[in-house]
Amino acid sequence: MACGALAGAALTGAAPAAGAQRAEQLAPGVDYRDYDLDGAHGTAHAHLVTVDLSNAHVRVDLLHPDAVAARATVSQLADERGAVAGVNGDFFNISEAQHPGVEATGSAVGPEIAGGRTLKAAVPRGQRFGPALPSGATTEDVIGVGTDGTARLDRLSLTGSVTTPEGTLKLRGLNQYALPVGSIGAYTSDWGGASRARATCGTDTSRSAPCSTDTYEVTVRDGRVVGTSGSPGSGAIPAGTTVLLGREAGAGELRKLLRGEAVRVEHRTVAASGAAYTFAVGGFPVLRHGMPVPGLDDSASAVRSAVGIGGGGHRLLLLVLDGDPAYRSGLTVAELAAALRDAGATDGFDLDGGGSSTLVAREPGEGVVSVLNHPSGGAERAVANGIGVFSGS
C-alpha cells in the first residue's frame, strides 16, 4: 500500500472511506492501514493500527475519564493522555429507560486496570450491555498487557472482604454499576460523584428487574464507621474513604455496624492465569489460539471494534470498522474473528461497537489526534474507556 496522509484525518469533511486504501507509520512501532473486507451483508471498510509491544518506546494503557462513572470521547481521552492512537473499549451502562428516575452511570461492564491499578470489577452477567456472549464467556473476561510486557486474554475476578467486630463479610463488588443480589460492594474515590442507586437495580439474571427496596450504606474513613444511610447516595468520595453499599442480605449485615466501630475493607482483582497486569479492559473473546471461539454469532452484522494479539503476545492489532453509510452493514462477530485472524492475530477480543466504534491517531508533527474512521452516528460518542497507544521514552 502506498504511504500518505491518514484516511479520514478529520471527522468533519473526512474523505469518503471508499477512496481510502493507505498505510502510514504513526510512530516507531506503531503503524496504520485501512482496507476493504467482504462480508455476507456487503463490503466493510477496516481501519487497523498495529502496535509492536517489543519496542521499548511503545506501550499501551487504559484510556479513561477521571471517574469510573463518567464518559468522554476517545479523542478527548487520547489527547488528555498524549496518546499517539486509541480505540474505544468496553461496553457500558449507556441507558436506564427501564428504571425511571435512575441515572445511567456511564461505567463499563467489565474490569478496568490502568497503570497497574484496579479501578473496578465486573458486573453480574445478567446486568451487562452488549450482544449475547458466546459460550463460556463471562463479564470477567479481559484483554490486557502484563507487567512482563506480554498481551493475553484472561479473566479478572474480585476477591475482597469487610472485617467487622462481628466477623468477616465477603465483598462482591468494586466501583460497579450493578451489584449481585444480596451482596456488599465497595465504592472509592475512583467511582466519582455519580449516584450509586443504579447498583441496587436489576438482578443477576435480569438487567431490567426493579430496583431493590432493601438497601443500606456505611461510610468508612480511617478504619472507622463515620456515617450510615438507608439508601444509596451520591457525590464525590474523598480519598481514603470507602462507601459500602449493601442490598438485601448485604444491607442486613451493614445495618449491624455502628458509628465509631472498626472496619477493615480489603479488595483486589486476581487473574485466572496468575499474571499481574499494567493494563486491562473488558469485552469478550472471539478468537483463541488461531481458532474462532465456539458459538459466535454469524447472522447479525454491525459496525464493530476489536483488538487482536499476535507475535506471541508482543503485537496488538486495533481494528475498527468504518461507519460511513456505504459500509454500515459491517461484519458479524464470526466474520470479525476471521478478519482478526487474517490480519495476523492468534487471539481476538470484541469491544463495544455501533456508534461507539472509534479509532483515533495523531499524525507525526501534529499536537492532537484525528478520527480515522467515520463513526456510524455521525459524530464521536462519549464512551466509558478505551485502549491508548503511547510512544516515547
# chains A, B, ... in the order shown; residues from 1 in each chain; ligands from 1
$ select_by_dssp --residues "range 58-168 of chain A" --states "strand (DSSP E or B)" --output "ChimeraX atom specification"
/A:58-63,72,85-88,92,108,112-114,117-120,141-146,151-164,167-168
$ write_last_selection --atoms "N, CA and C atoms" --output "tab-separated table (two decimals), in the first residue's frame"
chain	number	residue	atom	x	y	z
A	58	VAL	N	7.31	1.82	23.07
A	58	VAL	CA	5.87	1.72	22.83
A	58	VAL	C	5.21	1.01	24.01
A	59	ARG	N	4.07	1.53	24.44
A	59	ARG	CA	3.29	0.88	25.49
A	59	ARG	C	1.81	1.17	25.26
A	60	VAL	N	0.96	0.40	25.91
A	60	VAL	CA	-0.47	0.65	25.88
A	60	VAL	C	-0.99	0.76	27.30
A	61	ASP	N	-2.08	1.49	27.46
A	61	ASP	CA	-2.70	1.63	28.78
A	61	ASP	C	-4.17	1.96	28.57
A	62	LEU	N	-4.91	1.91	29.66
A	62	LEU	CA	-6.33	2.22	29.62
A	62	LEU	C	-6.54	3.71	29.43
A	63	LEU	N	-7.38	4.08	28.49
A	63	LEU	CA	-7.88	5.45	28.39
A	63	LEU	C	-9.16	5.51	29.20
A	72	ALA	N	-16.37	10.03	28.10
A	72	ALA	CA	-15.73	11.04	27.27
A	72	ALA	C	-15.45	10.41	25.91
A	85	ALA	N	-2.34	6.94	19.49
A	85	ALA	CA	-3.51	6.29	18.87
A	85	ALA	C	-4.41	5.77	19.98
A	86	GLY	N	-5.66	5.51	19.64
A	86	GLY	CA	-6.59	4.99	20.63
A	86	GLY	C	-7.84	4.43	19.99
A	87	VAL	N	-8.45	3.49	20.67
A	87	VAL	CA	-9.69	2.87	20.21
A	87	VAL	C	-10.64	2.80	21.40
A	88	ASN	N	-11.95	2.83	21.12
A	88	ASN	CA	-12.93	2.69	22.18
A	88	ASN	C	-12.81	1.31	22.84
A	92	PHE	N	-20.84	-0.48	28.07
A	92	PHE	CA	-21.04	0.29	29.29
A	92	PHE	C	-22.51	0.57	29.55
A	108	ALA	N	-18.25	1.08	32.83
A	108	ALA	CA	-18.05	-0.09	31.99
A	108	ALA	C	-18.59	-1.36	32.63
A	112	GLU	N	-11.45	-2.98	35.01
A	112	GLU	CA	-10.54	-1.98	34.46
A	112	GLU	C	-9.27	-1.95	35.30
A	113	ILE	N	-8.13	-2.02	34.61
A	113	ILE	CA	-6.84	-1.78	35.25
A	113	ILE	C	-6.12	-0.72	34.44
A	114	ALA	N	-5.67	0.33	35.11
A	114	ALA	CA	-4.94	1.41	34.46
A	114	ALA	C	-3.66	1.68	35.24
A	117	ARG	N	-3.14	-0.33	38.36
A	117	ARG	CA	-4.07	-0.19	39.48
A	117	ARG	C	-5.49	-0.57	39.05
A	118	THR	N	-6.14	-1.41	39.85
A	118	THR	CA	-7.51	-1.81	39.55
A	118	THR	C	-8.47	-0.67	39.89
A	119	LEU	N	-9.30	-0.31	38.91
A	119	LEU	CA	-10.29	0.75	39.12
A	119	LEU	C	-11.67	0.19	39.44
A	120	LYS	N	-12.00	-0.96	38.85
A	120	LYS	CA	-13.33	-1.54	39.06
A	120	LYS	C	-13.32	-3.04	38.76
A	141	ASP	N	-14.05	-11.48	31.60
A	141	ASP	CA	-13.06	-11.62	30.54
A	141	ASP	C	-12.42	-10.27	30.23
A	142	VAL	N	-11.11	-10.28	30.04
A	142	VAL	CA	-10.37	-9.06	29.71
A	142	VAL	C	-9.31	-9.36	28.67
A	143	ILE	N	-8.85	-8.31	28.02
A	143	ILE	CA	-7.59	-8.34	27.28
A	143	ILE	C	-6.69	-7.37	28.01
A	144	GLY	N	-5.44	-7.78	28.22
A	144	GLY	CA	-4.54	-6.93	28.99
A	144	GLY	C	-3.09	-7.15	28.61
A	145	VAL	N	-2.27	-6.27	29.13
A	145	VAL	CA	-0.82	-6.40	28.97
A	145	VAL	C	-0.23	-6.53	30.37
A	146	GLY	N	0.53	-7.60	30.57
A	146	GLY	CA	1.09	-7.89	31.88
A	146	GLY	C	2.32	-7.07	32.19
A	151	ALA	N	0.92	-9.34	25.99
A	151	ALA	CA	-0.54	-9.22	25.91
A	151	ALA	C	-1.17	-10.60	25.94
A	152	ARG	N	-2.32	-10.71	26.59
A	152	ARG	CA	-3.01	-12.00	26.65
A	152	ARG	C	-4.48	-11.79	26.97
A	153	LEU	N	-5.28	-12.81	26.67
A	153	LEU	CA	-6.66	-12.86	27.12
A	153	LEU	C	-6.67	-13.51	28.49
A	154	ASP	N	-7.54	-13.03	29.38
A	154	ASP	CA	-7.54	-13.54	30.74
A	154	ASP	C	-8.89	-13.26	31.38
A	155	ARG	N	-9.01	-13.64	32.64
A	155	ARG	CA	-10.18	-13.30	33.45
A	155	ARG	C	-9.72	-12.69	34.76
A	156	LEU	N	-10.41	-11.63	35.16
A	156	LEU	CA	-10.09	-10.95	36.41
A	156	LEU	C	-11.29	-11.03	37.35
A	157	SER	N	-11.12	-11.72	38.46
A	157	SER	CA	-12.19	-11.84	39.44
A	157	SER	C	-11.83	-11.02	40.68
A	158	LEU	N	-12.85	-10.55	41.35
A	158	LEU	CA	-12.65	-9.75	42.55
A	158	LEU	C	-12.56	-10.65	43.77
A	159	THR	N	-11.58	-10.39	44.60
A	159	THR	CA	-11.53	-11.02	45.92
A	159	THR	C	-11.42	-9.90	46.94
A	160	GLY	N	-12.27	-9.95	47.96
A	160	GLY	CA	-12.27	-8.87	48.94
A	160	GLY	C	-13.06	-9.23	50.18
A	161	SER	N	-12.87	-8.45	51.22
A	161	SER	CA	-13.55	-8.73	52.48
A	161	SER	C	-13.80	-7.45	53.25
A	162	VAL	N	-14.79	-7.52	54.14
A	162	VAL	CA	-15.10	-6.45	55.08
A	162	VAL	C	-15.01	-7.06	56.46
A	163	THR	N	-13.99	-6.70	57.21
A	163	THR	CA	-13.79	-7.26	58.54
A	163	THR	C	-14.40	-6.32	59.57
A	164	THR	N	-15.35	-6.86	60.37
A	164	THR	CA	-16.08	-6.09	61.36
A	164	THR	C	-15.86	-6.71	62.75
A	167	GLY	N	-17.18	-10.25	62.70
A	167	GLY	CA	-16.65	-11.26	61.80
A	167	GLY	C	-16.28	-10.67	60.45
A	168	THR	N	-16.10	-11.53	59.47
A	168	THR	CA	-15.67	-11.11	58.14
A	168	THR	C	-16.77	-11.36	57.12
$ residues_around --residues "Gly295 in chain A" --least-positions-apart "3" --cutoff "10 Å" --atoms "only C-alpha atoms" --output "ChimeraX atom specification"
/A:133-136,286,292,298,333-334
$ select_by_dssp --residues "range 131-321 of chain A" --states "helix (DSSP H, G or I)" --output "list in words"
Ala197, Arg198, Ala199, Thr200, Ala249, Gly250, Ala251, Gly252, Glu253, Leu254, Gly311, Gly312 and Gly313 of chain A
$ write_last_selection --atoms "N, CA and C atoms" --output "compact mmCIF listing (two decimals), in the first residue's frame"
# COMPACT_ATOMS: atom_id res chain seq x y z
N ALA A 197 -27.32 4.61 43.11
CA ALA A 197 -28.63 3.96 43.11
C ALA A 197 -28.72 2.84 42.08
N ARG A 198 -28.08 3.02 40.92
CA ARG A 198 -28.17 2.01 39.86
C ARG A 198 -27.63 0.66 40.32
N ALA A 199 -26.70 0.67 41.26
CA ALA A 199 -26.05 -0.56 41.70
C ALA A 199 -27.02 -1.52 42.37
N THR A 200 -28.17 -1.04 42.82
CA THR A 200 -29.13 -1.90 43.51
C THR A 200 -30.35 -2.19 42.64
N ALA A 249 -29.62 -9.17 51.70
CA ALA A 249 -28.85 -9.74 52.81
C ALA A 249 -27.63 -8.89 53.14
N GLY A 250 -27.01 -8.31 52.12
CA GLY A 250 -25.86 -7.44 52.35
C GLY A 250 -26.23 -6.21 53.14
N ALA A 251 -27.42 -5.65 52.84
CA ALA A 251 -27.90 -4.50 53.60
C ALA A 251 -28.12 -4.88 55.06
N GLY A 252 -28.65 -6.06 55.29
CA GLY A 252 -28.88 -6.52 56.65
C GLY A 252 -27.60 -6.61 57.45
N GLU A 253 -26.53 -7.07 56.82
CA GLU A 253 -25.25 -7.15 57.52
C GLU A 253 -24.70 -5.77 57.84
N LEU A 254 -24.84 -4.84 56.91
CA LEU A 254 -24.31 -3.49 57.14
C LEU A 254 -25.08 -2.75 58.23
N GLY A 311 2.15 -12.31 17.34
CA GLY A 311 3.57 -12.27 17.70
C GLY A 311 3.88 -12.82 19.07
N GLY A 312 3.16 -13.88 19.47
CA GLY A 312 3.42 -14.45 20.78
C GLY A 312 3.12 -13.52 21.94
N GLY A 313 2.15 -12.61 21.72
CA GLY A 313 1.77 -11.67 22.77
C GLY A 313 2.51 -10.35 22.71
$ atom_distance --atom1 "CA of Tyr187 in chain A" --atom2 "CA of Pro285 in chain A"
28.1 Å
$ closest_atom_pairs --of "range 102-148 of chain A" --to "range 214-235 of chain A" --cutoff "12 Å" --atoms "only C-alpha atoms" --output "CSV"
residue,atom,partner,partner_atom,distance
A:Val102,CA,A:Pro232,CA,11.2
A:Glu103,CA,A:Ser234,CA,11.0
A:Thr105,CA,A:Ser234,CA,11.1
$ write_last_selection --atoms "N, CA, C and O atoms" --output "PDB file, in the first residue's frame"
ATOM      1  N   VAL A 102     -33.725   6.731  37.655  1.00  0.00           N
ATOM      2  CA  VAL A 102     -32.373   6.268  37.989  1.00  0.00           C
ATOM      3  C   VAL A 102     -31.433   6.681  36.859  1.00  0.00           C
ATOM      4  O   VAL A 102     -31.689   6.391  35.696  1.00  0.00           O
ATOM      5  N   GLU A 103     -30.341   7.347  37.203  1.00  0.00           N
ATOM      6  CA  GLU A 103     -29.436   7.825  36.166  1.00  0.00           C
ATOM      7  C   GLU A 103     -28.474   6.731  35.711  1.00  0.00           C
ATOM      8  O   GLU A 103     -28.028   5.901  36.507  1.00  0.00           O
ATOM      9  N   THR A 105     -24.972   5.425  34.747  1.00  0.00           N
ATOM     10  CA  THR A 105     -23.681   5.828  35.306  1.00  0.00           C
ATOM     11  C   THR A 105     -22.596   6.039  34.257  1.00  0.00           C
ATOM     12  O   THR A 105     -21.601   6.708  34.508  1.00  0.00           O
TER      13      THR A 105
END
$ residues_around --residues "Asp322 in chain A" --least-positions-apart "3" --cutoff "8 Å" --atoms "only C-alpha atoms" --output "list in words"
Ala17, Ala44, His45, Ala46, His47, Val303, Tyr327, Arg328, Gly330, Asn373, His374, Pro375 and Ser376 of chain A
$ write_last_selection --atoms "N, CA, C and O atoms" --output "compact mmCIF listing (two decimals), in the first residue's frame"
# COMPACT_ATOMS: atom_id res chain seq x y z
N ALA A 17 -14.73 6.87 2.94
CA ALA A 17 -13.96 5.66 3.19
C ALA A 17 -13.65 4.92 1.91
O ALA A 17 -12.63 4.25 1.79
N ALA A 44 -17.29 -4.22 3.97
CA ALA A 44 -16.96 -3.42 5.14
C ALA A 44 -15.60 -2.78 4.92
O ALA A 44 -14.79 -3.26 4.12
N HIS A 45 -15.36 -1.67 5.62
CA HIS A 45 -14.07 -0.99 5.50
C HIS A 45 -13.39 -1.00 6.86
O HIS A 45 -13.97 -0.56 7.86
N ALA A 46 -12.17 -1.52 6.92
CA ALA A 46 -11.46 -1.70 8.19
C ALA A 46 -10.34 -0.69 8.34
O ALA A 46 -9.65 -0.34 7.37
N HIS A 47 -10.15 -0.22 9.57
CA HIS A 47 -9.03 0.63 9.94
C HIS A 47 -8.23 -0.15 10.98
O HIS A 47 -8.80 -0.62 11.98
N VAL A 303 -21.33 -2.44 12.62
CA VAL A 303 -20.03 -1.78 12.76
C VAL A 303 -19.44 -2.22 14.10
O VAL A 303 -20.14 -2.22 15.12
N TYR A 327 -20.64 1.58 4.09
CA TYR A 327 -20.07 0.39 4.71
C TYR A 327 -20.78 -0.01 6.00
O TYR A 327 -20.30 -0.86 6.73
N ARG A 328 -21.91 0.60 6.27
CA ARG A 328 -22.53 0.45 7.58
C ARG A 328 -23.07 -0.96 7.83
O ARG A 328 -23.41 -1.31 8.96
N GLY A 330 -21.34 -3.53 7.94
CA GLY A 330 -20.36 -4.07 8.87
C GLY A 330 -20.10 -5.56 8.71
O GLY A 330 -20.20 -6.13 7.61
N ASN A 373 -11.81 6.71 11.41
CA ASN A 373 -13.00 6.12 10.79
C ASN A 373 -14.14 7.13 10.81
O ASN A 373 -14.00 8.25 11.33
N HIS A 374 -15.26 6.76 10.23
CA HIS A 374 -16.47 7.58 10.28
C HIS A 374 -17.40 6.93 11.29
O HIS A 374 -17.99 5.89 11.00
N PRO A 375 -17.54 7.50 12.48
CA PRO A 375 -18.48 6.92 13.46
C PRO A 375 -19.88 6.84 12.88
O PRO A 375 -20.33 7.76 12.19
N SER A 376 -20.57 5.73 13.13
CA SER A 376 -21.85 5.49 12.47
C SER A 376 -22.93 6.48 12.90
O SER A 376 -23.92 6.66 12.20
$ residues_around --residues "range 305-307 of chain A" --least-positions-apart "6" --cutoff "10 Å" --atoms "only C-alpha atoms" --output "mmCIF file with N, CA and C atoms, in the first residue's frame"
data_model
loop_
_atom_site.group_PDB
_atom_site.id
_atom_site.type_symbol
_atom_site.label_atom_id
_atom_site.label_comp_id
_atom_site.auth_asym_id
_atom_site.auth_seq_id
_atom_site.Cartn_x
_atom_site.Cartn_y
_atom_site.Cartn_z
ATOM 1 N N ALA A 46 -12.169 -1.524 6.922
ATOM 2 C CA ALA A 46 -11.459 -1.698 8.189
ATOM 3 C C ALA A 46 -10.341 -0.688 8.337
ATOM 4 N N HIS A 47 -10.154 -0.223 9.566
ATOM 5 C CA HIS A 47 -9.031 0.629 9.944
ATOM 6 C C HIS A 47 -8.233 -0.154 10.984
ATOM 7 N N LEU A 48 -6.937 -0.293 10.759
ATOM 8 C CA LEU A 48 -6.114 -1.163 11.601
ATOM 9 C C LEU A 48 -4.858 -0.441 12.063
ATOM 10 N N VAL A 49 -4.651 -0.428 13.381
ATOM 11 C CA VAL A 49 -3.396 0.064 13.956
ATOM 12 C C VAL A 49 -2.669 -1.133 14.552
ATOM 13 N N THR A 50 -1.424 -1.352 14.123
ATOM 14 C CA THR A 50 -0.597 -2.449 14.617
ATOM 15 C C THR A 50 0.440 -1.892 15.582
ATOM 16 N N VAL A 87 -8.452 3.486 20.674
ATOM 17 C CA VAL A 87 -9.688 2.871 20.210
ATOM 18 C C VAL A 87 -10.641 2.796 21.398
ATOM 19 N N ASN A 88 -11.947 2.834 21.115
ATOM 20 C CA ASN A 88 -12.928 2.688 22.185
ATOM 21 C C ASN A 88 -12.809 1.313 22.840
ATOM 22 N N GLY A 89 -13.316 1.189 24.066
ATOM 23 C CA GLY A 89 -13.133 -0.040 24.815
ATOM 24 C C GLY A 89 -14.395 -0.833 25.094
ATOM 25 N N ASP A 90 -14.676 -1.045 26.352
ATOM 26 C CA ASP A 90 -15.703 -1.966 26.817
ATOM 27 C C ASP A 90 -17.119 -1.428 26.590
ATOM 28 N N ILE A 143 -8.853 -8.308 28.016
ATOM 29 C CA ILE A 143 -7.593 -8.340 27.281
ATOM 30 C C ILE A 143 -6.688 -7.373 28.009
ATOM 31 N N GLY A 283 -14.591 -6.940 27.653
ATOM 32 C CA GLY A 283 -15.195 -7.228 26.357
ATOM 33 C C GLY A 283 -15.452 -8.719 26.334
ATOM 34 N N PHE A 284 -15.263 -9.386 25.174
ATOM 35 C CA PHE A 284 -15.351 -10.849 25.193
ATOM 36 C C PHE A 284 -14.510 -11.467 24.073
ATOM 37 N N PRO A 285 -13.966 -12.665 24.325
ATOM 38 C CA PRO A 285 -13.090 -13.322 23.352
ATOM 39 C C PRO A 285 -13.860 -13.773 22.106
ATOM 40 N N VAL A 286 -13.210 -13.653 20.949
ATOM 41 C CA VAL A 286 -13.779 -14.172 19.705
ATOM 42 C C VAL A 286 -12.808 -15.110 18.990
ATOM 43 N N LEU A 316 -0.105 -6.033 19.163
ATOM 44 C CA LEU A 316 -1.533 -5.765 19.294
ATOM 45 C C LEU A 316 -2.066 -5.221 17.975
ATOM 46 N N LEU A 317 -3.267 -5.652 17.618
ATOM 47 C CA LEU A 317 -3.933 -5.207 16.403
ATOM 48 C C LEU A 317 -5.249 -4.538 16.798
ATOM 49 N N LEU A 318 -5.337 -3.225 16.643
ATOM 50 C CA LEU A 318 -6.561 -2.483 16.963
ATOM 51 C C LEU A 318 -7.352 -2.300 15.676
ATOM 52 N N LEU A 319 -8.489 -2.956 15.589
ATOM 53 C CA LEU A 319 -9.271 -2.961 14.353
ATOM 54 C C LEU A 319 -10.644 -2.340 14.592
ATOM 55 N N VAL A 320 -10.994 -1.359 13.764
ATOM 56 C CA VAL A 320 -12.295 -0.687 13.856
ATOM 57 C C VAL A 320 -12.908 -0.613 12.466
ATOM 58 N N LEU A 321 -14.173 -0.956 12.372
ATOM 59 C CA LEU A 321 -14.876 -0.849 11.093
ATOM 60 C C LEU A 321 -15.413 0.559 10.892
ATOM 61 N N ASP A 322 -15.513 0.936 9.628
ATOM 62 C CA ASP A 322 -15.986 2.278 9.285
ATOM 63 C C ASP A 322 -17.502 2.347 9.310
ATOM 64 N N VAL A 333 -20.048 -11.079 14.180
ATOM 65 C CA VAL A 333 -18.980 -11.363 15.140
ATOM 66 C C VAL A 333 -18.074 -12.473 14.605
ATOM 67 N N LEU A 336 -15.819 -10.994 12.150
ATOM 68 C CA LEU A 336 -14.826 -10.167 12.834
ATOM 69 C C LEU A 336 -13.657 -11.027 13.318
ATOM 70 N N ALA A 337 -13.971 -12.182 13.880
ATOM 71 C CA ALA A 337 -12.922 -13.091 14.325
ATOM 72 C C ALA A 337 -12.036 -13.507 13.161
ATOM 73 N N ALA A 339 -11.544 -11.799 10.419
ATOM 74 C CA ALA A 339 -10.779 -10.630 9.989
ATOM 75 C C ALA A 339 -9.548 -10.430 10.870
ATOM 76 N N LEU A 340 -9.694 -10.653 12.168
ATOM 77 C CA LEU A 340 -8.547 -10.541 13.067
ATOM 78 C C LEU A 340 -7.498 -11.602 12.748
ATOM 79 N N ALA A 345 -3.677 -12.071 13.831
ATOM 80 C CA ALA A 345 -3.926 -12.331 15.246
ATOM 81 C C ALA A 345 -4.123 -13.820 15.506
ATOM 82 N N ASP A 347 -5.187 -14.505 18.829
ATOM 83 C CA ASP A 347 -6.258 -14.327 19.812
ATOM 84 C C ASP A 347 -6.958 -13.014 19.519
ATOM 85 N N GLY A 348 -8.273 -12.989 19.746
ATOM 86 C CA GLY A 348 -9.033 -11.784 19.432
ATOM 87 C C GLY A 348 -10.094 -11.497 20.463
ATOM 88 N N PHE A 349 -10.457 -10.215 20.589
ATOM 89 C CA PHE A 349 -11.337 -9.758 21.648
ATOM 90 C C PHE A 349 -12.269 -8.697 21.090
ATOM 91 N N ASP A 350 -13.565 -8.894 21.283
ATOM 92 C CA ASP A 350 -14.568 -7.948 20.803
ATOM 93 C C ASP A 350 -14.751 -6.812 21.800
ATOM 94 N N LEU A 351 -14.822 -5.593 21.288
ATOM 95 C CA LEU A 351 -15.070 -4.400 22.084
ATOM 96 C C LEU A 351 -16.436 -3.836 21.719
ATOM 97 N N ASP A 352 -16.829 -2.757 22.380
ATOM 98 C CA ASP A 352 -18.103 -2.113 22.074
ATOM 99 C C ASP A 352 -18.106 -1.658 20.617
ATOM 100 N N GLY A 353 -19.278 -1.713 19.979
ATOM 101 C CA GLY A 353 -19.374 -1.366 18.569
ATOM 102 C C GLY A 353 -20.453 -0.346 18.290
ATOM 103 N N GLY A 354 -20.990 -0.385 17.058
ATOM 104 C CA GLY A 354 -22.027 0.556 16.677
ATOM 105 C C GLY A 354 -21.530 1.988 16.723
ATOM 106 N N SER A 356 -20.291 3.520 19.085
ATOM 107 C CA SER A 356 -19.096 3.683 19.927
ATOM 108 C C SER A 356 -17.805 3.448 19.155
ATOM 109 N N SER A 357 -17.875 2.714 18.047
ATOM 110 C CA SER A 357 -16.664 2.334 17.318
ATOM 111 C C SER A 357 -15.907 3.566 16.820
ATOM 112 N N THR A 358 -14.730 3.775 17.369
ATOM 113 C CA THR A 358 -13.925 4.952 17.036
ATOM 114 C C THR A 358 -12.444 4.597 17.098
ATOM 115 N N LEU A 359 -11.704 5.001 16.076
ATOM 116 C CA LEU A 359 -10.256 4.859 16.061
ATOM 117 C C LEU A 359 -9.648 6.227 15.807
ATOM 118 N N ILE A 387 -8.549 1.901 24.710
ATOM 119 C CA ILE A 387 -7.158 1.444 24.729
ATOM 120 C C ILE A 387 -6.303 2.533 24.088
#
$ closest_residue --among "A:Gly367, A:Ile184, A:Ser299, A:Gln76" --to "Arg255 in chain A" --atoms "only C-alpha atoms"
A:Ile184
$ atom_distance --atom1 "CA of Thr188 in chain A" --atom2 "CA of Val68 in chain A"
9.9 Å
$ atom_distance --atom1 "CA of Ser75 in chain A" --atom2 "CA of Val360 in chain A"
6.3 Å
$ closest_residue --among "A:Ser208, A:Ser301, A:Gln25, A:Thr73" --to "Gly126 in chain A" --atoms "only C-alpha atoms"
A:Ser208
$ closest_residue --among "A:Ser183, A:Ser391, A:Thr139, A:Thr242" --to "Val51 in chain A" --atoms "only C-alpha atoms"
A:Ser391
$ residues_around --residues "Ser212 in chain A" --least-positions-apart "5" --cutoff "8 Å" --atoms "only C-alpha atoms" --output "MDAnalysis selection string"
chainID A and resid 200:202 247:248
$ write_last_selection --atoms "all heavy atoms" --output "PDB file, in the first residue's frame"
ATOM      1  N   THR A 200     -28.167  -1.040  42.817  1.00  0.00           N
ATOM      2  CA  THR A 200     -29.131  -1.901  43.509  1.00  0.00           C
ATOM      3  C   THR A 200     -30.353  -2.193  42.640  1.00  0.00           C
ATOM      4  O   THR A 200     -31.363  -2.684  43.141  1.00  0.00           O
ATOM      5  CB  THR A 200     -29.580  -1.255  44.834  1.00  0.00           C
ATOM      6  OG1 THR A 200     -30.212   0.005  44.565  1.00  0.00           O
ATOM      7  CG2 THR A 200     -28.388  -1.021  45.748  1.00  0.00           C
ATOM      8  N   CYS A 201     -30.255  -1.931  41.352  1.00  0.00           N
ATOM      9  CA  CYS A 201     -31.355  -2.213  40.419  1.00  0.00           C
ATOM     10  C   CYS A 201     -31.054  -3.475  39.614  1.00  0.00           C
ATOM     11  O   CYS A 201     -29.893  -3.813  39.376  1.00  0.00           O
ATOM     12  CB  CYS A 201     -31.553  -1.039  39.456  1.00  0.00           C
ATOM     13  SG  CYS A 201     -32.021   0.509  40.252  1.00  0.00           S
ATOM     14  N   GLY A 202     -32.108  -4.177  39.185  1.00  0.00           N
ATOM     15  CA  GLY A 202     -31.941  -5.397  38.416  1.00  0.00           C
ATOM     16  C   GLY A 202     -31.524  -6.556  39.306  1.00  0.00           C
ATOM     17  O   GLY A 202     -31.379  -6.418  40.527  1.00  0.00           O
ATOM     18  N   ARG A 247     -27.249  -4.619  49.448  1.00  0.00           N
ATOM     19  CA  ARG A 247     -28.636  -4.844  49.041  1.00  0.00           C
ATOM     20  C   ARG A 247     -29.104  -6.186  49.600  1.00  0.00           C
ATOM     21  O   ARG A 247     -28.317  -7.127  49.709  1.00  0.00           O
ATOM     22  CB  ARG A 247     -28.785  -4.803  47.512  1.00  0.00           C
ATOM     23  CG  ARG A 247     -27.912  -5.762  46.731  1.00  0.00           C
ATOM     24  CD  ARG A 247     -28.163  -5.671  45.220  1.00  0.00           C
ATOM     25  NE  ARG A 247     -29.529  -6.054  44.877  1.00  0.00           N
ATOM     26  CZ  ARG A 247     -30.030  -6.031  43.644  1.00  0.00           C
ATOM     27  NH1 ARG A 247     -29.260  -5.650  42.630  1.00  0.00           N
ATOM     28  NH2 ARG A 247     -31.274  -6.391  43.411  1.00  0.00           N
ATOM     29  N   GLU A 248     -30.392  -6.243  50.014  1.00  0.00           N
ATOM     30  CA  GLU A 248     -30.979  -7.438  50.617  1.00  0.00           C
ATOM     31  C   GLU A 248     -30.111  -7.949  51.782  1.00  0.00           C
ATOM     32  O   GLU A 248     -29.882  -7.210  52.727  1.00  0.00           O
ATOM     33  CB  GLU A 248     -31.217  -8.532  49.558  1.00  0.00           C
ATOM     34  CG  GLU A 248     -32.201  -8.124  48.459  1.00  0.00           C
ATOM     35  CD  GLU A 248     -31.516  -7.450  47.292  1.00  0.00           C
ATOM     36  OE1 GLU A 248     -30.348  -7.739  47.025  1.00  0.00           O
ATOM     37  OE2 GLU A 248     -32.164  -6.613  46.640  1.00  0.00           O
TER      38      GLU A 248
END
$ residues_around --residues "Asn93 in chain A" --least-positions-apart "4" --cutoff "9 Å" --atoms "only C-alpha atoms" --output "short mmCIF file (atom, residue, chain, number, x, y, z; two decimals) with N, CA and C atoms, in the first residue's frame"
data_model
loop_
_atom_site.label_atom_id
_atom_site.label_comp_id
_atom_site.auth_asym_id
_atom_site.auth_seq_id
_atom_site.Cartn_x
_atom_site.Cartn_y
_atom_site.Cartn_z
N ALA A 104 -28.20 6.73 34.40
CA ALA A 104 -27.18 5.83 33.88
C ALA A 104 -25.83 6.33 34.35
N THR A 105 -24.97 5.42 34.75
CA THR A 105 -23.68 5.83 35.31
C THR A 105 -22.60 6.04 34.26
N GLY A 106 -22.77 5.42 33.07
CA GLY A 106 -21.73 5.50 32.06
C GLY A 106 -20.55 4.59 32.32
N SER A 107 -20.59 3.81 33.39
CA SER A 107 -19.44 2.98 33.74
C SER A 107 -19.43 1.68 32.95
N ALA A 108 -18.25 1.08 32.83
CA ALA A 108 -18.05 -0.09 31.99
C ALA A 108 -18.59 -1.36 32.63
N VAL A 109 -18.83 -2.35 31.77
CA VAL A 109 -19.32 -3.66 32.22
C VAL A 109 -18.24 -4.43 32.97
N ARG A 128 -25.17 -7.02 32.11
CA ARG A 128 -24.31 -6.42 31.10
C ARG A 128 -25.08 -5.78 29.96
N PHE A 129 -24.43 -4.88 29.26
CA PHE A 129 -24.90 -4.32 27.99
C PHE A 129 -24.07 -4.95 26.88
N TYR A 177 -21.58 -0.61 38.38
CA TYR A 177 -22.93 -0.07 38.31
C TYR A 177 -24.01 -1.07 38.70
N ALA A 384 -17.02 4.84 27.94
CA ALA A 384 -16.53 4.63 29.31
C ALA A 384 -15.01 4.53 29.37
#
